$ cat my_file15.cif   # mmCIF, C-alpha atoms
data_data
loop_
_atom_site.label_atom_id
_atom_site.label_comp_id
_atom_site.auth_asym_id
_atom_site.auth_seq_id
_atom_site.Cartn_x
_atom_site.Cartn_y
_atom_site.Cartn_z
CA MET A 1 -2.34 2.52 -3.47
CA PHE A 2 -5.99 1.47 -3.32
CA PRO A 3 -5.84 -2.30 -2.86
CA VAL A 4 -9.40 -2.65 -1.64
CA THR A 5 -12.63 -1.39 -3.20
CA ARG A 6 -15.51 -0.97 -0.78
CA LEU A 7 -18.95 -1.70 -2.18
CA GLY A 8 -21.36 -1.33 0.71
CA PRO A 9 -20.53 -4.10 3.19
CA LEU A 10 -18.14 -5.76 0.74
CA SER A 11 -14.36 -5.22 0.64
CA LEU A 12 -13.17 -6.40 -2.77
CA PRO A 13 -9.50 -6.66 -3.87
CA THR A 14 -9.06 -3.95 -6.53
CA PRO A 15 -6.18 -5.62 -8.46
CA GLU A 16 -8.21 -8.79 -8.99
CA LEU A 17 -11.26 -6.74 -9.99
CA ILE A 18 -9.16 -4.94 -12.62
CA VAL A 19 -7.88 -8.24 -14.03
CA ILE A 20 -11.44 -9.64 -14.24
CA VAL A 21 -12.77 -6.50 -15.98
CA PHE A 22 -9.93 -6.48 -18.51
CA PHE A 23 -10.25 -10.23 -19.02
CA TYR A 24 -13.83 -9.71 -20.19
CA LEU A 25 -12.87 -6.61 -22.20
CA GLY A 26 -10.17 -8.66 -23.96
CA MET A 27 -12.59 -11.51 -24.63
CA TYR A 28 -15.18 -9.07 -25.98
CA LEU A 29 -12.69 -7.40 -28.33
CA PHE A 30 -11.34 -10.78 -29.49
CA GLU A 31 -14.82 -12.09 -30.33
CA ARG A 32 -15.81 -8.85 -32.05
CA LEU A 33 -12.69 -8.89 -34.20
CA GLN A 34 -13.25 -12.52 -35.13
CA LYS A 35 -16.85 -11.81 -36.18
CA VAL A 36 -15.81 -8.73 -38.19
CA GLN A 37 -13.34 -10.97 -40.04
CA GLY A 38 -16.07 -13.55 -40.68
CA LYS A 39 -14.59 -16.16 -38.33
CA ASN A 40 -16.30 -18.18 -35.62
CA PRO A 41 -14.70 -17.35 -32.24
CA ASP A 42 -16.43 -20.14 -30.28
CA LYS A 43 -13.64 -22.74 -30.24
CA ILE A 44 -11.00 -20.26 -29.07
CA SER A 45 -13.39 -18.59 -26.60
CA ASN A 46 -14.07 -21.97 -25.02
CA LEU A 47 -10.34 -22.67 -24.96
CA ILE A 48 -9.76 -19.49 -22.95
CA LEU A 49 -12.62 -20.04 -20.52
CA VAL A 50 -11.66 -23.67 -19.82
CA SER A 51 -8.02 -22.53 -19.42
CA VAL A 52 -9.13 -20.27 -16.56
CA PHE A 53 -10.70 -23.23 -14.75
CA VAL A 54 -7.63 -25.39 -15.44
CA PHE A 55 -5.43 -22.61 -14.02
CA ILE A 56 -7.50 -22.25 -10.83
CA ILE A 57 -7.95 -25.98 -10.16
CA LEU A 58 -4.39 -27.06 -10.98
CA GLY A 59 -2.90 -24.08 -9.13
CA ARG A 60 -4.77 -25.01 -5.96
CA LEU A 61 -4.13 -28.75 -6.40
CA ALA A 62 -0.40 -28.15 -6.87
CA PHE A 63 -0.28 -26.02 -3.71
CA VAL A 64 -2.10 -28.73 -1.74
CA LEU A 65 0.38 -31.38 -2.90
CA GLU A 66 3.37 -29.13 -2.16
CA ASN A 67 2.06 -28.43 1.37
CA PHE A 68 0.32 -31.74 1.99
CA ASN A 69 1.16 -31.87 5.71
CA ALA A 70 -0.44 -28.48 6.28
CA PHE A 71 -3.78 -29.72 4.92
CA LEU A 72 -3.83 -33.00 6.87
CA SER A 73 -5.38 -31.50 9.99
CA SER A 74 -7.86 -29.30 8.10
CA PRO A 75 -8.55 -30.92 4.71
CA LEU A 76 -11.58 -28.69 4.01
CA ASP A 77 -9.15 -25.78 3.59
CA ILE A 78 -8.57 -27.21 0.11
CA PHE A 79 -11.74 -25.28 -0.75
CA SER A 80 -10.71 -22.15 1.17
CA LEU A 81 -11.22 -18.82 -0.60
CA ASN A 82 -7.75 -17.62 0.54
CA ARG A 83 -5.90 -16.55 -2.60
CA ASP A 84 -2.47 -17.30 -1.18
CA LEU A 85 -3.12 -21.07 -1.14
CA PHE A 86 -2.14 -21.25 -4.79
CA ASP A 87 0.79 -22.17 -7.04
CA PRO A 88 0.48 -19.95 -10.13
CA TRP A 89 3.47 -21.50 -11.94
CA LEU A 90 2.10 -25.04 -12.00
CA GLY A 91 -1.33 -23.63 -12.82
CA ALA A 92 0.22 -21.88 -15.83
CA ALA A 93 2.07 -25.06 -16.84
CA GLY A 94 -1.27 -26.92 -16.80
CA VAL A 95 -2.81 -24.25 -19.03
CA ALA A 96 0.08 -24.55 -21.50
CA ILE A 97 -0.42 -28.33 -21.74
CA TYR A 98 -4.19 -27.96 -22.10
CA PHE A 99 -3.69 -25.24 -24.74
CA ALA A 100 -1.37 -27.49 -26.80
CA MET A 101 -3.73 -30.48 -26.54
CA THR A 102 -6.75 -28.42 -27.60
CA LEU A 103 -4.94 -26.92 -30.59
CA GLN A 104 -4.08 -30.43 -31.74
CA LYS A 105 -7.58 -31.78 -31.12
CA HIS A 106 -9.33 -29.02 -33.07
CA LYS A 107 -6.55 -28.76 -35.67
CA LEU A 108 -6.03 -25.08 -34.91
CA GLU A 109 -2.83 -23.52 -36.26
CA LEU A 110 -0.66 -22.20 -33.40
CA TRP A 111 0.49 -18.88 -34.87
CA SER A 112 -2.88 -17.85 -36.29
CA THR A 113 -4.58 -18.75 -32.99
CA LEU A 114 -2.08 -16.65 -31.06
CA ASP A 115 -2.55 -13.82 -33.59
CA SER A 116 -6.29 -13.83 -33.07
CA LEU A 117 -5.79 -13.73 -29.29
CA THR A 118 -3.26 -10.87 -29.42
CA ILE A 119 -5.81 -8.20 -28.48
CA PHE A 120 -6.87 -10.37 -25.51
CA PHE A 121 -3.25 -10.73 -24.33
CA ALA A 122 -2.67 -6.97 -24.80
CA SER A 123 -5.69 -6.33 -22.61
CA LEU A 124 -4.31 -8.62 -19.89
CA ALA A 125 -0.90 -6.89 -20.08
CA LEU A 126 -2.59 -3.54 -19.52
CA ALA A 127 -4.61 -5.05 -16.65
CA GLY A 128 -1.38 -6.20 -15.01
CA SER A 129 0.03 -2.66 -15.07
CA LEU A 130 -3.16 -1.16 -13.68
CA ALA A 131 -3.32 -3.86 -10.98
CA ASN A 132 0.20 -2.86 -9.94
CA ILE A 133 -0.96 0.76 -9.60
CA ALA A 134 -3.87 -0.41 -7.44
CA SER A 135 -1.81 -2.65 -5.18
CA GLY A 136 1.31 -0.48 -5.07
CA SER A 137 3.39 -3.47 -6.19
CA ALA A 138 6.30 -3.29 -8.66
CA PHE A 139 7.10 0.14 -7.25
CA GLY A 140 9.92 2.45 -8.31
CA MET A 141 13.20 3.43 -6.71
CA PRO A 142 13.46 6.49 -4.47
CA SER A 143 13.79 9.62 -6.56
CA GLU A 144 13.89 13.41 -6.36
CA LEU A 145 12.38 13.80 -9.83
CA PRO A 146 9.63 16.46 -10.03
CA PHE A 147 7.14 13.80 -11.16
CA ALA A 148 8.06 11.36 -8.37
CA ILE A 149 5.13 10.00 -6.36
CA GLU A 150 4.85 9.45 -2.60
CA LEU A 151 4.66 5.68 -2.03
CA TRP A 152 5.71 3.32 0.74
CA GLY A 153 7.23 6.08 2.83
CA GLU A 154 9.29 7.80 0.14
CA LYS A 155 9.12 9.77 -3.09
CA ARG A 156 9.58 7.26 -5.88
CA VAL A 157 9.79 6.96 -9.66
CA PRO A 158 6.15 6.43 -10.79
CA VAL A 159 7.19 3.29 -12.62
CA GLN A 160 3.75 1.64 -12.43
CA PHE A 161 2.25 4.63 -14.26
CA LEU A 162 5.02 4.64 -16.88
CA ASP A 163 4.54 0.90 -17.38
CA ALA A 164 0.75 1.36 -17.70
CA ALA A 165 1.26 4.19 -20.23
CA TRP A 166 3.57 1.95 -22.29
CA ASN A 167 1.12 -0.98 -22.19
CA LEU A 168 -1.76 1.34 -23.06
CA ALA A 169 0.17 2.51 -26.12
CA VAL A 170 0.95 -1.13 -26.99
CA PHE A 171 -2.74 -2.00 -26.58
CA PHE A 172 -3.78 0.71 -29.06
CA GLY A 173 -0.93 -0.28 -31.40
CA ILE A 174 -2.15 -3.89 -31.39
CA ALA A 175 -5.75 -2.74 -31.94
CA PHE A 176 -4.48 -0.68 -34.90
CA ILE A 177 -2.82 -3.66 -36.62
CA ALA A 178 -5.49 -6.20 -35.57
CA LYS A 179 -7.30 -6.21 -38.91
CA ARG A 180 -4.18 -5.95 -41.06
CA ASN A 181 -3.02 -8.79 -43.25
CA LEU A 182 0.35 -9.64 -41.71
CA PRO A 183 2.39 -12.87 -41.80
CA SER A 184 1.01 -15.55 -39.49
CA GLY A 185 2.31 -14.95 -35.97
CA ALA A 186 3.48 -11.39 -36.66
CA LYS A 187 0.82 -9.71 -34.51
CA PHE A 188 1.52 -11.94 -31.53
CA LEU A 189 5.30 -11.57 -31.89
CA THR A 190 4.91 -7.79 -32.15
CA LEU A 191 3.02 -7.79 -28.86
CA VAL A 192 5.61 -10.02 -27.16
CA SER A 193 8.50 -7.85 -28.41
CA LEU A 194 6.91 -4.57 -27.36
CA PHE A 195 5.77 -5.92 -24.00
CA SER A 196 9.26 -7.29 -23.27
CA ILE A 197 10.94 -4.00 -24.21
CA GLY A 198 8.50 -2.22 -21.88
CA GLN A 199 9.40 -4.60 -19.08
CA ILE A 200 13.14 -4.06 -19.58
CA LEU A 201 12.60 -0.30 -19.38
CA ALA A 202 10.27 -0.51 -16.37
CA GLN A 203 12.49 -2.95 -14.48
CA GLY A 204 15.33 -0.44 -14.77
CA PHE A 205 13.53 1.88 -12.36
CA ARG A 206 12.00 -0.68 -10.00
CA ALA A 207 13.07 -0.97 -6.39
CA GLU A 208 12.32 -4.67 -6.08
CA GLY A 209 12.96 -7.84 -8.02
CA TRP A 210 15.50 -10.62 -8.24
CA ILE A 211 18.95 -9.03 -8.14
CA LEU A 212 22.03 -10.81 -9.50
CA ALA A 213 25.71 -10.19 -8.71
CA GLY A 214 26.79 -6.67 -9.57
CA GLY A 215 23.28 -5.32 -9.08
CA PHE A 216 22.04 -6.67 -12.44
CA ARG A 217 18.31 -7.35 -12.53
CA ALA A 218 17.42 -10.94 -13.48
CA ASP A 219 14.06 -9.92 -14.98
CA GLN A 220 15.79 -7.62 -17.45
CA PHE A 221 17.96 -10.49 -18.70
CA VAL A 222 14.91 -12.75 -19.08
CA PHE A 223 13.01 -10.09 -21.04
CA TRP A 224 16.11 -9.25 -23.13
CA ILE A 225 16.25 -12.90 -24.25
CA ILE A 226 12.49 -12.89 -24.98
CA THR A 227 12.89 -9.67 -26.99
CA ALA A 228 15.81 -11.11 -28.93
CA ILE A 229 13.95 -14.34 -29.81
CA SER A 230 10.59 -12.74 -30.61
CA GLY A 231 12.24 -9.95 -32.62
CA TRP A 232 14.26 -12.44 -34.66
CA LEU A 233 11.19 -14.64 -35.30
CA LEU A 234 9.32 -11.51 -36.38
CA ILE A 235 12.02 -10.69 -38.94
CA ARG A 236 11.91 -14.27 -40.22
CA LYS A 237 8.11 -14.12 -40.58
CA PHE A 238 8.34 -11.02 -42.82
CA GLU A 239 11.28 -12.55 -44.64
CA ARG A 240 9.25 -15.64 -45.57
CA LYS A 241 6.25 -13.55 -46.61
CA ASN A 242 8.43 -11.47 -48.93
CA GLY A 243 9.76 -14.68 -50.46
CA MET B 244 17.56 -14.39 -45.78
CA SER B 245 18.74 -12.10 -48.53
CA SER B 246 15.18 -10.87 -49.15
CA THR B 247 15.00 -9.33 -45.65
CA PRO B 248 15.69 -5.63 -45.97
CA PHE B 249 19.07 -4.83 -44.49
CA TYR B 250 17.72 -1.96 -42.42
CA ARG B 251 15.33 -4.32 -40.56
CA LYS B 252 18.24 -6.35 -39.21
CA ILE B 253 20.22 -3.23 -38.43
CA ALA B 254 17.24 -1.90 -36.44
CA TYR B 255 16.92 -5.25 -34.65
CA PHE B 256 20.55 -5.30 -33.51
CA ALA B 257 20.47 -1.59 -32.68
CA VAL B 258 17.47 -2.09 -30.36
CA LEU B 259 19.16 -5.06 -28.66
CA PHE B 260 22.36 -3.05 -28.24
CA LEU B 261 20.51 -0.07 -26.73
CA LEU B 262 18.62 -2.38 -24.36
CA THR B 263 21.92 -3.97 -23.29
CA VAL B 264 23.37 -0.53 -22.54
CA PHE B 265 20.20 0.36 -20.64
CA ILE B 266 20.44 -2.82 -18.55
CA PHE B 267 24.06 -2.01 -17.70
CA PHE B 268 23.32 1.55 -16.59
CA THR B 269 20.20 0.68 -14.58
CA ARG B 270 21.82 -1.85 -12.27
CA MET B 271 20.46 -1.75 -8.72
CA PRO B 272 22.65 0.39 -6.42
CA ALA B 273 23.95 -1.74 -3.53
CA ASP B 274 22.25 0.43 -0.86
CA GLN B 275 18.84 -0.07 -2.49
CA ILE B 276 18.84 -3.87 -2.61
CA GLY B 277 16.04 -5.40 -0.51
CA GLY B 278 14.52 -2.05 0.36
CA GLY B 279 17.55 -0.97 2.42
CA MET B 280 16.82 0.11 5.99
CA ILE B 281 13.66 1.98 5.08
CA ARG B 282 10.64 1.17 7.21
CA SER B 283 7.52 0.66 5.16
CA PRO B 284 4.48 -1.62 5.48
CA ARG B 285 5.12 -3.94 2.56
CA GLU B 286 7.11 -7.00 1.50
CA GLY B 287 10.88 -6.55 1.55
CA PHE B 288 10.91 -3.68 4.05
CA TYR B 289 11.34 -3.42 7.79
CA PRO B 290 7.93 -2.69 9.35
CA PRO B 291 7.11 0.67 10.94
CA ASN B 292 7.48 0.74 14.71
CA PHE B 293 4.49 -0.74 16.46
CA SER B 294 5.46 -0.36 20.09
CA SER B 295 2.39 0.46 22.15
CA GLU B 296 0.56 -0.38 25.35
CA LEU B 297 -0.86 -3.87 25.74
CA MET B 298 -4.52 -4.60 26.41
CA ALA B 299 -3.40 -6.72 29.37
CA GLY B 300 -1.35 -3.80 30.75
CA GLY B 301 2.25 -2.74 30.32
CA VAL B 302 4.14 -2.04 27.11
CA LEU B 303 5.45 -4.52 24.54
CA ASP B 304 9.21 -4.92 24.75
CA GLN B 305 10.21 -5.06 21.08
CA THR B 306 13.66 -6.46 21.88
CA THR B 307 11.93 -9.76 22.78
CA LEU B 308 10.84 -10.05 19.13
CA GLU B 309 14.34 -9.99 17.60
CA GLY B 310 15.16 -13.07 15.53
CA LYS B 311 11.60 -14.38 15.73
CA VAL B 312 8.88 -14.95 13.17
CA ILE B 313 6.11 -12.42 13.84
CA VAL B 314 2.49 -12.55 12.74
CA LEU B 315 0.97 -9.10 13.14
CA ASN B 316 -2.81 -9.06 12.85
CA PHE B 317 -4.83 -5.82 12.68
CA TRP B 318 -8.41 -6.27 13.87
CA ALA B 319 -11.47 -4.66 15.43
CA SER B 320 -14.36 -6.12 17.41
CA TRP B 321 -16.99 -4.85 14.93
CA CYS B 322 -15.27 -6.64 12.02
CA PRO B 323 -16.82 -10.13 11.39
CA PRO B 324 -13.88 -11.63 9.40
CA CYS B 325 -11.47 -10.36 12.11
CA LYS B 326 -13.44 -12.18 14.77
CA ALA B 327 -13.77 -15.27 12.58
CA GLU B 328 -10.00 -15.66 12.22
CA MET B 329 -9.15 -15.06 15.91
CA PRO B 330 -9.52 -18.76 16.90
CA VAL B 331 -7.09 -19.72 14.12
CA LEU B 332 -4.55 -17.19 15.38
CA GLN B 333 -5.08 -18.37 18.96
CA ALA B 334 -4.50 -22.00 17.94
CA ALA B 335 -1.31 -21.01 16.10
CA SER B 336 -0.04 -19.05 19.10
CA ILE B 337 -0.30 -22.22 21.21
CA LYS B 338 1.05 -24.57 18.53
CA TYR B 339 4.13 -22.43 17.86
CA ALA B 340 4.67 -21.16 21.40
CA ASN B 341 8.03 -22.92 21.67
CA GLN B 342 9.23 -22.30 18.11
CA ASP B 343 10.27 -18.65 18.01
CA VAL B 344 6.93 -17.53 16.58
CA VAL B 345 5.09 -14.55 18.05
CA ILE B 346 1.46 -13.86 17.23
CA LEU B 347 0.49 -10.24 17.95
CA GLY B 348 -2.88 -8.62 17.56
CA ILE B 349 -3.20 -4.88 17.04
CA ASN B 350 -6.63 -3.61 17.91
CA ALA B 351 -7.70 -0.60 15.84
CA THR B 352 -8.77 1.07 19.09
CA SER B 353 -9.22 4.51 17.50
CA GLN B 354 -12.15 3.10 15.51
CA ASP B 355 -13.29 0.47 18.03
CA SER B 356 -14.77 0.33 21.48
CA LEU B 357 -12.12 -0.75 23.98
CA ALA B 358 -14.84 -2.30 26.16
CA ASP B 359 -16.19 -4.38 23.25
CA ALA B 360 -12.68 -5.43 22.19
CA THR B 361 -11.75 -6.45 25.74
CA GLN B 362 -15.00 -8.37 26.15
CA PHE B 363 -14.42 -10.23 22.88
CA ILE B 364 -10.87 -11.19 23.91
CA HIS B 365 -12.00 -12.49 27.29
CA GLU B 366 -15.07 -14.34 26.03
CA ASN B 367 -13.08 -16.15 23.35
CA GLY B 368 -10.11 -17.08 25.50
CA ILE B 369 -7.56 -15.19 23.38
CA THR B 370 -4.23 -15.34 25.18
CA PHE B 371 -1.74 -13.92 22.67
CA PRO B 372 -0.71 -10.27 23.24
CA ILE B 373 -3.04 -7.58 21.96
CA LEU B 374 -1.61 -4.12 21.37
CA LEU B 375 -3.83 -1.06 21.53
CA ASP B 376 -3.78 1.76 19.00
CA PRO B 377 -5.90 4.49 20.62
CA THR B 378 -4.58 7.32 18.40
CA GLY B 379 -4.67 5.38 15.13
CA GLN B 380 -0.95 6.07 14.63
CA ILE B 381 0.01 2.41 14.09
CA ASP B 382 -2.91 2.01 11.68
CA ALA B 383 -1.71 5.06 9.76
CA ASP B 384 1.94 3.95 9.73
CA PHE B 385 0.94 0.52 8.36
CA LEU B 386 -1.39 2.16 5.78
CA ILE B 387 -4.25 -0.05 6.91
CA ASN B 388 -7.27 0.51 4.71
CA SER B 389 -9.03 -2.78 5.31
CA LEU B 390 -9.55 -5.04 8.31
CA PRO B 391 -8.32 -7.61 8.96
CA THR B 392 -4.82 -7.19 7.57
CA THR B 393 -2.06 -9.61 8.54
CA PHE B 394 1.69 -9.06 8.22
CA PHE B 395 4.17 -11.95 8.29
CA ILE B 396 7.62 -10.82 9.43
CA GLY B 397 10.69 -13.05 9.02
CA ARG B 398 13.53 -13.69 11.44
CA ASP B 399 15.54 -10.94 9.71
CA GLY B 400 12.89 -8.43 10.78
CA LYS B 401 11.62 -7.78 7.25
CA ILE B 402 8.03 -8.14 6.08
CA LYS B 403 7.69 -11.28 3.96
CA GLN B 404 3.97 -11.34 3.22
CA VAL B 405 0.92 -9.13 3.66
CA ILE B 406 -2.57 -10.59 3.53
CA VAL B 407 -5.34 -8.03 3.20
CA GLY B 408 -8.79 -9.30 4.11
CA GLY B 409 -9.93 -12.47 5.78
CA PRO B 410 -10.76 -14.65 7.48
CA ILE B 411 -7.40 -16.33 7.02
CA SER B 412 -7.63 -20.12 6.99
CA GLU B 413 -5.74 -22.35 9.40
CA THR B 414 -3.81 -23.91 6.53
CA SER B 415 -2.90 -20.57 5.03
CA LEU B 416 -1.57 -19.34 8.37
CA ARG B 417 0.34 -22.57 8.95
CA THR B 418 1.98 -22.63 5.51
CA GLN B 419 3.11 -19.03 5.87
CA ILE B 420 4.59 -19.62 9.33
CA GLU B 421 6.23 -22.90 8.35
CA ALA B 422 7.76 -21.24 5.27
CA LEU B 423 9.29 -18.55 7.49
CA LEU B 424 10.54 -21.16 9.93
CA GLY B 425 12.01 -23.13 7.04
CA GLY B 426 9.60 -26.09 7.34
CA TYR B 427 7.47 -27.89 4.72
#
$ encode --input "my_file15.cif" --output "structure tokens"
Amino acid sequence: MFPVTRLGPLSLPTPELIVIVFFYLGMYLFERLQKVQGKNPDKISNLILVSVFVFIILGRLAFVLENFNAFLSSPLDIFSLNRDLFDPWLGAAGVAIYFAMTLQKHKLELWSTLDSLTIFFASLALAGSLANIASGSAFGMPSELPFAIELWGEKRVPVQFLDAAWNLAVFFGIAFIAKRNLPSGAKFLTLVSLFSIGQILAQGFRAEGWILAGGFRADQFVFWIITAISGWLLIRKFERKNG
Amino acid sequence: MSSTPFYRKIAYFAVLFLLTVFIFFTRMPADQIGGGMIRSPREGFYPPNFSSELMAGGVLDQTTLEGKVIVLNFWASWCPPCKAEMPVLQAASIKYANQDVVILGINATSQDSLADATQFIHENGITFPILLDPTGQIDADFLINSLPTTFFIGRDGKIKQVIVGGPISETSLRTQIEALLGGY
């Protein structure tokens, strides 16, 4: 809807700007919460910042290897600023491996680390929704509803706004429980469960996505499984705490 | 297990059941899959019509584009990144000339000087077709709010990728085209 922000002579991609702003907001809130709880956030802060570099470098490297022939005649394009020369999945896989190695190296406990980062992840989830509003991606199906919005040539369900409202509520919910003494992993699993439920609901009104036989939406099945697993783990966490 | 309050598990299964029902009732209607026949300037849709007069004279015959990969580049002569990526587009138009790939430029003539645009095309030896948009109608239909903007259209006539901003690199252009041709 407003994919580009003009700042004088500069044309900046609004979705990416939103993600960067909320990345720093999430980092700020994470560090503040850690300090309020008397913990040192440095190790985990470094983990996040290095993860960003790992994501960018491995994502580009993976794309270069996948499209090696394309780079043979212009190898300097490896350093091109074009965002589409990137494999986000392999970048994310690299981050997961780096994350696991760092936890082991610094003897950080997985669930408590994820708990402390929950507010950061909630901030990124909200950023994703707002970025979709900016870019017009993840748009809704055509609709005659009174609150439908004009987008891509038709009146549509304002699914990006509904998704953003849900993730905003989740963000405040996570902020509310951030200082509470809950079983290890409970805060992170709460975020995953609520985010997944939100995605199942939002996907139900989206006009795009991977469609299976019978018109079923693949993303809904994936998030249903994530909800089922995270919800069950959450129950088990409280079960163990209660003895 | 027995220490978990019964209601917690009931709530868990109730939520999963309700989500399952929701998934069933929100299946995608067959006529909506892939954006249907709606024309809209984004991935998954057929592009708006862009038939217009050519800078070289005459009118583009859109039937010649059927079944081909199309790269549609919106540009203006006052736009530095647009001018910077023109040689890359020109090189691609020559490289893929015999492979069912059509590179088309659309000059934002309503906000450009036709004389400047024509001079730039001649001075830089650009030979691929340039469409003119003197009323800004094509710009408006494609919701262009930044130049350059490049649309990649597949053989099925649907938009596969939109790149806003530039200059696009040679490799980026080549990987997009090859992907649409089924290469790499």
$ interface_residues --input "my_file15.cif" --of "chain A" --to "chain B" --cutoff "8 Å" --atoms "all atoms listed in the file" --output "JSON, numbers by chain"
{"A": [4, 11, 67, 69, 70, 71, 74, 77, 80, 82, 84, 85, 141, 152, 153, 197, 200, 201, 204, 205, 207, 208, 211, 214, 215, 216, 217, 220, 224, 227, 228, 231, 232, 235, 236, 238, 239, 242, 243]}
$ residues_around --input "my_file15.cif" --residues "Phe121 in chain A" --least-positions-apart "6" --cutoff "12 Å" --atoms "all atoms listed in the file" --output "ChimeraX atom specification"
/A:19,22-27,29-30,48,113-115,127-128,167,170-171,174-175,187-192,195
$ residues_around --input "my_file15.cif" --residues "range 90-95 of chain A" --least-positions-apart "6" --cutoff "6 Å" --atoms "all atoms listed in the file" --output "short mmCIF file (atom, residue, chain, number, x, y, z; two decimals) with C-alpha atoms, keeping the file's coordinate frame"
data_model
loop_
_atom_site.label_atom_id
_atom_site.label_comp_id
_atom_site.auth_asym_id
_atom_site.auth_seq_id
_atom_site.Cartn_x
_atom_site.Cartn_y
_atom_site.Cartn_z
CA SER A 51 -8.02 -22.53 -19.42
CA PHE A 55 -5.43 -22.61 -14.02
CA LEU A 58 -4.39 -27.06 -10.98
CA GLY A 59 -2.90 -24.08 -9.13
#
$ residues_around --input "my_file15.cif" --residues "Asn367 in chain B" --least-positions-apart "3" --cutoff "12 Å" --atoms "all atoms listed in the file" --output "PyMOL selection string"
chain B and resi 320+326-334+360-364+370-371
$ resolve_selection --input "my_file15.cif" --expression "the PyMOL selection byres ((chain A and resi 102) around 12)" --output "list in words"
Lys43, Ile44, Ser45, Asn46, Leu47, Ile48, Val50, Ser51, Val95, Ala96, Ile97, Tyr98, Phe99, Ala100, Met101, Leu103, Gln104, Lys105, His106, Lys107, Leu108, Glu109, Leu110 and Thr113 of chain A
$ resolve_selection --input "my_file15.cif" --expression "the PyMOL selection byres ((chain B and resi 398) around 12)" --output "CSV table (one decimal) with C-alpha atoms, keeping the file's coordinate frame"
chain,number,residue,atom,x,y,z
B,289,TYR,CA,11.3,-3.4,7.8
B,308,LEU,CA,10.8,-10.0,19.1
B,309,GLU,CA,14.3,-10.0,17.6
B,310,GLY,CA,15.2,-13.1,15.5
B,311,LYS,CA,11.6,-14.4,15.7
B,312,VAL,CA,8.9,-15.0,13.2
B,313,ILE,CA,6.1,-12.4,13.8
B,314,VAL,CA,2.5,-12.6,12.7
B,342,GLN,CA,9.2,-22.3,18.1
B,343,ASP,CA,10.3,-18.6,18.0
B,344,VAL,CA,6.9,-17.5,16.6
B,345,VAL,CA,5.1,-14.6,18.0
B,395,PHE,CA,4.2,-12.0,8.3
B,396,ILE,CA,7.6,-10.8,9.4
B,397,GLY,CA,10.7,-13.0,9.0
B,399,ASP,CA,15.5,-10.9,9.7
B,400,GLY,CA,12.9,-8.4,10.8
B,401,LYS,CA,11.6,-7.8,7.2
B,402,ILE,CA,8.0,-8.1,6.1
B,403,LYS,CA,7.7,-11.3,4.0
B,420,ILE,CA,4.6,-19.6,9.3
B,422,ALA,CA,7.8,-21.2,5.3
B,423,LEU,CA,9.3,-18.6,7.5
B,424,LEU,CA,10.5,-21.2,9.9
B,425,GLY,CA,12.0,-23.1,7.0
$ closest_residue --input "my_file15.cif" --among "A:Val222, A:Leu212, A:Leu76, A:Val21" --to "Leu126 in chain A" --atoms "all atoms listed in the file"
A:Val21
$ atom_distance --input "my_file15.cif" --atom1 "CA of Ala299 in chain B" --atom2 "CA of Leu374 in chain B"
8.6 Å
$ atom_distance --input "my_file15.cif" --atom1 "CA of Pro290 in chain B" --atom2 "CA of Thr392 in chain B"
13.6 Å
$ residues_around --input "my_file15.cif" --residues "Phe317 in chain B" --least-positions-apart "3" --cutoff "7 Å" --atoms "only C-alpha atoms" --output "PyMOL selection string"
chain B and resi 348-351+390-393
$ write_last_selection --input "my_file15.cif" --atoms "C-alpha atoms" --output "CSV table (one decimal), in the coordinates of the input"
chain,number,residue,atom,x,y,z
B,348,GLY,CA,-2.9,-8.6,17.6
B,349,ILE,CA,-3.2,-4.9,17.0
B,350,ASN,CA,-6.6,-3.6,17.9
B,351,ALA,CA,-7.7,-0.6,15.8
B,390,LEU,CA,-9.6,-5.0,8.3
B,391,PRO,CA,-8.3,-7.6,9.0
B,392,THR,CA,-4.8,-7.2,7.6
B,393,THR,CA,-2.1,-9.6,8.5
$ atom_distance --input "my_file15.cif" --atom1 "CA of Leu124 in chain A" --atom2 "CA of Gln199 in chain A"
14.3 Å
$ closest_residue --input "my_file15.cif" --among "A:Gln160, A:Thr118, A:Ser184, A:Ser193" --to "Ala131 in chain A" --atoms "only C-alpha atoms"
A:Gln160
$ closest_residue --input "my_file15.cif" --among "A:Gln34, A:Ser230, A:Ser135, A:Ser143" --to "Met1 in chain A" --atoms "all atoms listed in the file"
A:Ser135
$ residues_around --input "my_file15.cif" --residues "Asp219 in chain A" --least-positions-apart "6" --cutoff "8 Å" --atoms "all atoms listed in the file" --output "PyMOL selection string"
chain A and resi 200+203+209-210
